[in-house]
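Participant: Handing over target30.txt, compact mmCIF, C-alpha atoms.
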```txt
# COMPACT_ATOMS: atom_id res chain seq x y z
CA MET Q 1 0.00 0.00 0.00
CA LEU Q 2 1.41 3.37 -0.99
CA THR Q 3 1.03 6.62 0.83
CA PRO Q 4 0.14 9.83 -1.08
CA GLU Q 5 3.83 10.62 -1.37
CA GLY Q 6 4.47 7.23 -2.99
CA GLU Q 7 6.23 5.58 -0.09
CA THR Q 8 5.29 2.30 1.63
CA PRO Q 9 4.26 2.41 5.29
CA GLU Q 10 6.61 0.97 7.84
CA GLY Q 11 6.67 -2.84 8.14
CA GLU Q 12 5.10 -3.55 4.72
CA THR Q 13 6.59 -4.69 1.47
CA PRO Q 14 5.65 -3.06 -1.84
CA GLU Q 15 3.06 -5.83 -2.61
CA GLY Q 16 1.14 -5.20 0.68
CA GLU Q 17 2.49 -8.14 2.60
CA THR Q 18 3.92 -8.16 6.10
CA PRO Q 19 7.56 -9.18 6.48
CA GLN Q 20 6.53 -12.54 8.02
CA GLU Q 21 4.38 -13.41 5.00
CA ALA Q 22 7.22 -12.42 2.69
CA THR Q 23 9.67 -14.77 4.45
CA ARG Q 24 7.19 -17.63 4.23
CA GLN Q 25 6.97 -17.36 0.52
CA GLU Q 26 10.71 -17.21 0.24
CA ALA Q 27 11.18 -20.45 2.22
CA THR Q 28 12.85 -23.33 0.47
CA PRO Q 29 11.16 -26.68 -0.12
CA GLN Q 30 13.20 -28.21 2.70
CA GLU Q 31 12.00 -25.61 5.14
CA ALA Q 32 8.45 -26.19 3.95
CA ALA Q 33 8.86 -29.94 4.53
CA VAL Q 34 10.21 -29.28 8.04
CA SER Q 35 7.28 -26.97 8.70
CA ILE Q 36 4.77 -29.62 7.52
CA GLN Q 37 6.51 -32.28 9.61
CA ALA Q 38 6.40 -30.03 12.69
CA TRP Q 39 2.70 -29.41 12.11
CA TRP Q 40 2.06 -33.17 11.73
CA ARG Q 41 4.07 -34.02 14.86
CA GLY Q 42 2.12 -31.36 16.77
CA THR Q 43 -1.14 -32.86 15.50
CA LEU Q 44 -0.06 -36.35 16.61
CA VAL Q 45 0.99 -35.06 20.05
CA ARG Q 46 -2.30 -33.18 20.46
CA ARG Q 47 -4.23 -36.30 19.39
CA ALA Q 48 -2.24 -38.47 21.86
CA LEU Q 49 -2.90 -35.95 24.64
CA LEU Q 50 -6.60 -35.90 23.75
CA HIS Q 51 -6.78 -39.73 23.89
CA ALA Q 52 -4.85 -39.74 27.19
CA ALA Q 53 -7.23 -37.14 28.63
CA LEU Q 54 -10.25 -39.17 27.47
CA ARG Q 55 -8.81 -42.32 29.00
CA ALA Q 56 -8.11 -40.45 32.24
CA CYS Q 57 -11.74 -39.24 32.26
CA ILE Q 58 -12.96 -42.82 31.74
CA ILE Q 59 -10.76 -44.08 34.58
CA GLN Q 60 -11.90 -41.24 36.86
CA ARG Q 61 -15.57 -41.94 36.05
CA TRP Q 62 -15.06 -45.65 36.80
CA TRP Q 63 -13.27 -44.86 40.07
CA ARG Q 64 -16.03 -42.45 41.13
CA GLN Q 65 -18.60 -45.20 40.44
CA VAL Q 66 -16.58 -47.63 42.57
CA LEU Q 67 -16.40 -45.09 45.40
CA ALA Q 68 -20.11 -44.31 45.06
CA GLY Q 69 -20.91 -48.06 45.25
CA GLU Q 70 -18.77 -48.46 48.37
CA HIS Q 71 -20.38 -45.38 49.90
CA GLU Q 72 -23.84 -46.78 49.11
CA ALA Q 73 -22.90 -50.15 50.64
CA ARG Q 74 -21.64 -48.41 53.80
CA ARG Q 75 -24.80 -46.32 53.92
CA TRP Q 76 -27.02 -49.43 53.65
CA ALA Q 77 -24.96 -51.20 56.33
CA ALA Q 78 -25.31 -48.20 58.64
CA LEU Q 79 -29.04 -48.11 57.92
CA ARG Q 80 -29.36 -51.82 58.73
CA VAL Q 81 -27.45 -51.38 62.01
CA TYR Q 82 -29.56 -48.34 62.90
CA SER Q 83 -32.85 -50.10 62.13
CA LEU Q 84 -31.72 -53.18 64.09
CA LYS Q 85 -30.87 -51.03 67.12
CA GLU Q 86 -34.12 -49.11 66.70
CA ARG Q 87 -36.15 -52.33 66.56
CA ALA Q 88 -34.32 -53.67 69.62
CA ALA Q 89 -35.05 -50.45 71.53
CA VAL Q 90 -38.71 -50.54 70.51
CA ARG Q 91 -38.99 -54.19 71.50
CA LEU Q 92 -37.35 -53.51 74.86
CA GLN Q 93 -39.67 -50.56 75.48
CA SER Q 94 -42.63 -52.75 74.53
CA TRP Q 95 -41.54 -55.45 76.98
CA VAL Q 96 -41.11 -52.91 79.77
CA ARG Q 97 -44.52 -51.40 79.06
CA MET Q 98 -46.04 -54.90 78.96
CA TRP Q 99 -44.35 -55.81 82.25
CA ARG Q 100 -45.57 -52.60 83.93
CA ILE Q 101 -49.12 -53.07 82.64
CA ARG Q 102 -49.09 -56.73 83.69
CA LEU Q 103 -47.83 -55.74 87.15
CA ARG Q 104 -50.59 -53.11 87.41
CA TYR Q 105 -53.13 -55.69 86.20
CA CYS Q 106 -51.94 -58.23 88.78
CA ARG Q 107 -52.25 -55.61 91.54
CA VAL Q 108 -55.77 -54.72 90.40
CA LEU Q 109 -56.67 -58.42 90.15
CA HIS Q 110 -55.34 -59.01 93.66
CA ALA Q 111 -57.36 -56.05 94.94
CA VAL Q 112 -60.47 -57.38 93.16
CA ARG Q 113 -59.99 -60.79 94.75
CA ILE Q 114 -59.64 -59.25 98.20
CA ILE Q 115 -62.79 -57.19 97.64
CA GLN Q 116 -64.65 -60.29 96.37
CA LEU Q 117 -63.45 -62.31 99.35
CA TYR Q 118 -64.69 -59.74 101.83
CA TRP Q 119 -67.92 -59.22 99.90
CA ARG Q 120 -68.61 -62.95 99.80
CA TRP Q 121 -67.77 -63.30 103.46
CA HIS Q 122 -70.11 -60.40 104.22
CA ASN Q 123 -72.89 -61.92 102.06
CA CYS Q 124 -72.49 -65.32 103.68
CA HIS Q 125 -72.77 -63.88 107.16
CA THR Q 126 -75.72 -61.64 106.35
CA ARG Q 127 -77.62 -63.64 103.74
CA GLY Q 128 -76.58 -67.19 104.12
CA PHE Q 129 -74.40 -69.71 102.39
CA ILE Q 130 -74.15 -73.29 101.23
CA GLN Q 131 -71.52 -75.45 102.77
CA GLY Q 132 -70.88 -79.03 101.95
CA ASN Q 133 -68.47 -81.90 101.69
CA TYR Q 134 -68.31 -85.19 99.90
CA ASN Q 135 -66.38 -88.43 99.94
CA ILE Q 136 -66.16 -91.34 97.56
CA LYS Q 137 -65.98 -94.94 98.77
CA GLU Q 138 -65.61 -97.68 96.21
CA ASN Q 139 -68.77 -97.35 94.09
CA GLN Q 140 -70.57 -94.91 96.35
CA LEU Q 141 -70.61 -91.09 96.54
CA ASN Q 142 -71.57 -89.57 99.90
CA LEU Q 143 -72.59 -85.92 99.76
CA HIS Q 144 -73.36 -83.74 102.79
CA LEU Q 145 -74.79 -80.22 102.22
CA GLU Q 146 -75.63 -77.62 104.82
CA ILE Q 147 -77.60 -74.54 103.83
CA SER Q 148 -77.69 -71.74 106.34
CA LEU Q 149 -79.07 -68.23 106.41
CA GLY Q 150 -77.23 -65.97 108.78
CA SER Q 151 -76.99 -67.82 112.07
CA GLN Q 152 -79.86 -70.31 111.30
CA VAL Q 153 -79.31 -73.65 109.67
CA LEU Q 154 -82.12 -74.12 107.15
CA ALA Q 155 -81.44 -77.62 105.92
CA GLN Q 156 -78.99 -80.41 106.29
CA GLU Q 157 -79.08 -83.12 103.70
CA THR Q 158 -76.98 -86.21 103.22
CA TRP Q 159 -77.17 -88.27 100.08
CA SER Q 160 -75.62 -91.54 99.13
CA LEU Q 161 -75.46 -92.21 95.44
CA GLU Q 162 -74.65 -95.58 93.93
CA PRO Q 163 -73.85 -95.90 90.24
CA VAL Q 164 -76.31 -97.67 87.99
CA LEU Q 165 -74.63 -100.51 86.16
CA LEU Q 166 -75.76 -100.90 82.57
CA GLY Q 167 -74.28 -104.29 81.74
CA ARG Q 168 -70.77 -103.01 81.57
CA GLY Q 169 -69.38 -104.94 84.42
CA PRO Q 170 -68.77 -104.03 88.04
CA HIS Q 171 -65.60 -102.04 87.40
CA ARG Q 172 -67.12 -99.47 85.06
CA LEU Q 173 -69.36 -96.55 85.90
```
Can you present the structure in this file as structure tokens?
Facilitator:
Amino acid sequence: MLTPEGETPEGETPEGETPQEATRQEATPQEAAVSIQAWWRGTLVRRALLHAALRACIIQRWWRQVLAGEHEARRWAALRVYSLKERAAVRLQSWVRMWRIRLRYCRVLHAVRIIQLYWRWHNCHTRGFIQGNYNIKENQLNLHLEISLGSQVLAQETWSLEPVLLGRGPHRL
């Protein structure tokens, strides 16, 4: 490019090329071959680095999966241990609650029996009661009943029952 005075600006050749472009065109075939070889070697190195980086990514991904699997296994094991301890604690609490309720029930049952005993004793002494005994001798049942009301004896009965033999022999009832 020429200026109005007809001179070329600094750093340019008369055809409008930079000095670097001018030296490229002036390179010999051997220098061109070296330049092509350098470019090719650079391409091969970049390709090898790309493949190495891809392989490293694959290995890292695999290793992260292995670590994630181990972490998941540890997490499940911890969960199993926790749930086992939790179930054991719940079972123990259940047993303690059952034992306390059973103890309370036994106390209430004992109190009920005492109340029933005194109530029955009171009823027998105010209303009357039936008292009796029995004994068994060979093939005979002797039964003695005494029915009393308060301090009066209403009836005293004694029965002797002999079994009726229905052709089965003397040893069977």
Participant: Grab the CA of Thr158 in chain Q to CA of Gln131 in chain Q distance for me, in Å with one decimal place.
Facilitator: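 Calculated distance between CA of Thr158 in chain Q and CA of Gln131 in chain Q is 12.1 Å.
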Participant: Just to confirm, what's the straight-line distance from CA of Asn135 in chain Q to CA of Leu117 in chain Q in Å (one decimal)?
Facilitator: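 About the pair CA of Asn135 in chain Q and CA of Leu117 in chain Q: they are 26.3 Å apart.
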Participant: Let me have the centre and edge lengths of the axis-aligned box enclosing all listed atoms of range 105-110 of chain Q with 3 Å padding on every side, in Å to one decimal, as lines of an AutoDock Vina configuration file.
Facilitator:
```
center_x = -54.3
center_y = -56.9
center_z = 89.9
size_x = 10.7
size_y = 10.3
size_z = 13.5
```
Participant: One number please: CA of Ala68 in chain Q to CA of Ala53 in chain Q, in Å, one decimal.
Facilitator: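 About the pair CA of Ala68 in chain Q and CA of Ala53 in chain Q: they are 22.1 Å apart.
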